[in-house]
Amino acid sequence: MAPASRERRSRRHRDRRYRVYGLTLSSPISLPIPRASRSSRPDVRLRSAAADAFPRPARRSPDWFSYRTLPGGAAHLEWRGLFEFLVSPDGGTVRYRRLARATEAALGTYLLGHVLSFSLVARGAEPLHGTAVAIGREVIVFIGECGEGKSTLGAAMLARGARIVSDDLIALDRRGGAYVVSPGPARLKLYRRMARALVGERRESRMHRDTAKLVLALRRRERARGPARLRAIYVIDRPGRGRAPRDVRIDPVSRGAAVVELVRASFNLVIASPDRDRRRFAVASELARVVPVKRLTYPRSLAKLPEVCDTILRDVRS
């Protein structure tokens, strides 16, 4: 057998199959997501690569994160000092290189979030940026600006028996007359103060060395087991200056305003083109037609979170 054939056979033997965001992922490294059958055909193949496989621009970006589309359509992503990725135009192959400051936990965190969003978008999906929790057999999603408390609300809902479906990247799929949400990694991203107050001590890792944000592992009973129907989307309201809310409120959002909020909540805005803009708007319009979108307003305090969760549960069950 030729050396190249032996290498491919050995790699297939070593690779593991995983299931996340409705995709089957083939990976040579261990990942904190459910395993899939070895007979399943991968949608995305993860491969390590040497430095010479990645392009070297004449002038390096000074930014912590850089992205560019290469001739031919591949996407080159680099987090300075941590890792870089090369995503094929069809999203089916992801090559990676770990740099000096990267931990295995950090590599998995970024791979199973921002990087795989390129594969989803390449396949025609339009993921949302938010937190999805399962209540019974249905799912609700929280969207809003960065730092508005989406993950915090997800963590607080665990105490009410909810399960986390996905935190950060929300993968939606249209099935018949409804939308379903597929599970993401079994994790939550929280700062230490909120993590200790809401979920207590548990296995955790830093997203990377330059942030205090933690990646918290979920227990089996806290995570969703499979895709579930999307029941409603809640937009976390950002109070204006001088009008901090005193009460918990849930108000309906008009379809036009819902489309605006859903477009704003698109995941991975670095992929920009007229075709994608049209698709984002079309998906948001259809999503707003099918799924109720509501505005959630509440005081930002830990003491109020139980009331917020109870209000959401009453609204879901009404």
# chains A, B, ... in the order shown; residues from 1 in each chain; ligands from 1
call {"tool": "select_by_dssp", "arguments": {"residues": "range 55-257 of chain A", "states": "alpha helix (DSSP H)", "output": "PyMOL selection string"}}
result
chain A and resi 104-110+116-122+150-158+192-198+255-257
call {"tool": "write_last_selection", "arguments": {"atoms": "C-alpha atoms", "output": "PDB file, in the first residue's frame"}}
result
ATOM      1  CA  GLU A 104      -6.847  22.746  24.161  1.00  0.00           C
ATOM      2  CA  ALA A 105      -9.909  24.184  25.913  1.00  0.00           C
ATOM      3  CA  ALA A 106      -9.552  27.504  24.083  1.00  0.00           C
ATOM      4  CA  LEU A 107      -9.132  25.760  20.736  1.00  0.00           C
ATOM      5  CA  GLY A 108     -12.319  23.774  21.278  1.00  0.00           C
ATOM      6  CA  THR A 109     -14.232  26.854  22.421  1.00  0.00           C
ATOM      7  CA  TYR A 110     -13.458  28.901  19.308  1.00  0.00           C
ATOM      8  CA  LEU A 116     -18.079  26.373  12.663  1.00  0.00           C
ATOM      9  CA  SER A 117     -20.357  29.323  11.941  1.00  0.00           C
ATOM     10  CA  PHE A 118     -18.426  29.695   8.668  1.00  0.00           C
ATOM     11  CA  SER A 119     -19.352  26.115   7.779  1.00  0.00           C
ATOM     12  CA  LEU A 120     -23.008  26.728   8.642  1.00  0.00           C
ATOM     13  CA  VAL A 121     -23.192  29.917   6.574  1.00  0.00           C
ATOM     14  CA  ALA A 122     -21.419  28.214   3.649  1.00  0.00           C
ATOM     15  CA  LYS A 150     -28.362  36.119  27.487  1.00  0.00           C
ATOM     16  CA  SER A 151     -26.111  33.495  29.102  1.00  0.00           C
ATOM     17  CA  THR A 152     -27.036  34.746  32.571  1.00  0.00           C
ATOM     18  CA  LEU A 153     -30.714  34.177  31.843  1.00  0.00           C
ATOM     19  CA  GLY A 154     -29.928  30.730  30.477  1.00  0.00           C
ATOM     20  CA  ALA A 155     -28.066  29.853  33.675  1.00  0.00           C
ATOM     21  CA  ALA A 156     -30.890  31.203  35.832  1.00  0.00           C
ATOM     22  CA  MET A 157     -33.432  29.094  33.939  1.00  0.00           C
ATOM     23  CA  LEU A 158     -31.580  25.919  34.955  1.00  0.00           C
ATOM     24  CA  ARG A 192     -16.978  34.199  37.653  1.00  0.00           C
ATOM     25  CA  ARG A 193     -19.342  36.254  39.832  1.00  0.00           C
ATOM     26  CA  MET A 194     -22.430  35.184  37.882  1.00  0.00           C
ATOM     27  CA  ALA A 195     -21.179  31.633  37.562  1.00  0.00           C
ATOM     28  CA  ARG A 196     -20.756  31.223  41.323  1.00  0.00           C
ATOM     29  CA  ALA A 197     -24.106  32.827  42.072  1.00  0.00           C
ATOM     30  CA  LEU A 198     -26.140  30.875  39.526  1.00  0.00           C
ATOM     31  CA  ARG A 255     -43.306  41.746  12.662  1.00  0.00           C
ATOM     32  CA  GLY A 256     -41.344  44.607  11.123  1.00  0.00           C
ATOM     33  CA  ALA A 257     -39.501  45.327  14.382  1.00  0.00           C
TER      34      ALA A 257
END
call {"tool": "residues_around", "arguments": {"residues": "Thr103 in chain A", "least_positions_apart": "4", "cutoff": "10 Å", "atoms": "only C-alpha atoms", "output": "NGL selection string"}}
result
:A and (82-83 or 98-99 or 107-109 or 205-209)
call {"tool": "residues_around", "arguments": {"residues": "Glu145 in chain A", "least_positions_apart": "3", "cutoff": "8 Å", "atoms": "only C-alpha atoms", "output": "ChimeraX atom specification"}}
result
/A:148,236,238,265
call {"tool": "closest_atom_pairs", "arguments": {"of": "range 213-280 of chain A", "to": "range 293-309 of chain A", "cutoff": "7 Å", "atoms": "only C-alpha atoms", "output": "CSV"}}
result
residue,atom,partner,partner_atom,distance
A:Ala232,CA,A:Val293,CA,6.0
A:Ile233,CA,A:Val293,CA,4.8
A:Tyr234,CA,A:Lys294,CA,4.9
A:Val235,CA,A:Arg295,CA,4.7
A:Ile236,CA,A:Leu296,CA,5.0
A:Asp237,CA,A:Thr297,CA,5.2
A:Ala244,CA,A:Pro299,CA,6.7
A:Pro245,CA,A:Pro299,CA,5.3
A:Arg246,CA,A:Pro299,CA,5.7
A:Asp247,CA,A:Tyr298,CA,5.8
A:Val248,CA,A:Tyr298,CA,4.3
A:Arg249,CA,A:Thr297,CA,5.1
A:Ile250,CA,A:Leu296,CA,4.7
A:Asp251,CA,A:Arg295,CA,5.1
A:Pro252,CA,A:Lys294,CA,4.5
A:Val253,CA,A:Lys294,CA,5.1
A:Ala258,CA,A:Val293,CA,6.1
call {"tool": "residues_around", "arguments": {"residues": "Asp168 in chain A", "least_positions_apart": "6", "cutoff": "6 Å", "atoms": "only C-alpha atoms", "output": "list in words"}}
result
His129, Gly130 and Thr131 of chain A
call {"tool": "write_last_selection", "arguments": {"atoms": "N, CA and C atoms", "output": "compact mmCIF listing (two decimals), in the first residue's frame"}}
result
# COMPACT_ATOMS: atom_id res chain seq x y z
N HIS A 129 -27.09 34.77 17.16
CA HIS A 129 -26.26 34.96 18.35
C HIS A 129 -27.19 35.09 19.55
N GLY A 130 -27.18 34.10 20.42
CA GLY A 130 -28.09 34.13 21.56
C GLY A 130 -27.88 32.93 22.47
N THR A 131 -28.86 32.68 23.30
CA THR A 131 -28.85 31.53 24.20
C THR A 131 -30.19 30.83 24.07
call {"tool": "closest_residue", "arguments": {"among": "A:Val291, A:Val20, A:Ala228, A:Ala212", "to": "Leu112 in chain A", "atoms": "only C-alpha atoms"}}
result
A:Val20
call {"tool": "atom_distance", "arguments": {"atom1": "CA of Pro71 in chain A", "atom2": "CA of Arg101 in chain A"}}
result
28.9 Å
call {"tool": "closest_atom_pairs", "arguments": {"of": "range 207-289 of chain A", "to": "range 24-46 of chain A", "cutoff": "12 Å", "atoms": "only C-alpha atoms", "output": "tab-separated table"}}
result
residue	atom	partner	partner_atom	distance
A:Val215	CA	A:Pro32	CA	11.6
A:Leu216	CA	A:Pro32	CA	11.4
A:Ala217	CA	A:Pro32	CA	8.9
A:Leu218	CA	A:Pro32	CA	10.4
A:Arg219	CA	A:Pro32	CA	12.0
A:Arg220	CA	A:Pro34	CA	11.2
A:Arg223	CA	A:Ile33	CA	11.0
A:Ala224	CA	A:Pro34	CA	11.1
A:Arg225	CA	A:Pro34	CA	9.4
A:Gly226	CA	A:Pro34	CA	10.3
call {"tool": "atom_distance", "arguments": {"atom1": "CA of Pro89 in chain A", "atom2": "CA of Ser66 in chain A"}}
result
17.5 Å
call {"tool": "select_by_dssp", "arguments": {"residues": "range 95-311 of chain A", "states": "strand (DSSP E)", "output": "PyMOL selection string"}}
result
chain A and resi 95-98+128-135+138-143+163-175+178-182+187-190+204-206+214-217+228-236+249-252+293-297
call {"tool": "atom_distance", "arguments": {"atom1": "CA of Arg95 in chain A", "atom2": "CA of Asp52 in chain A"}}
result
11.9 Å
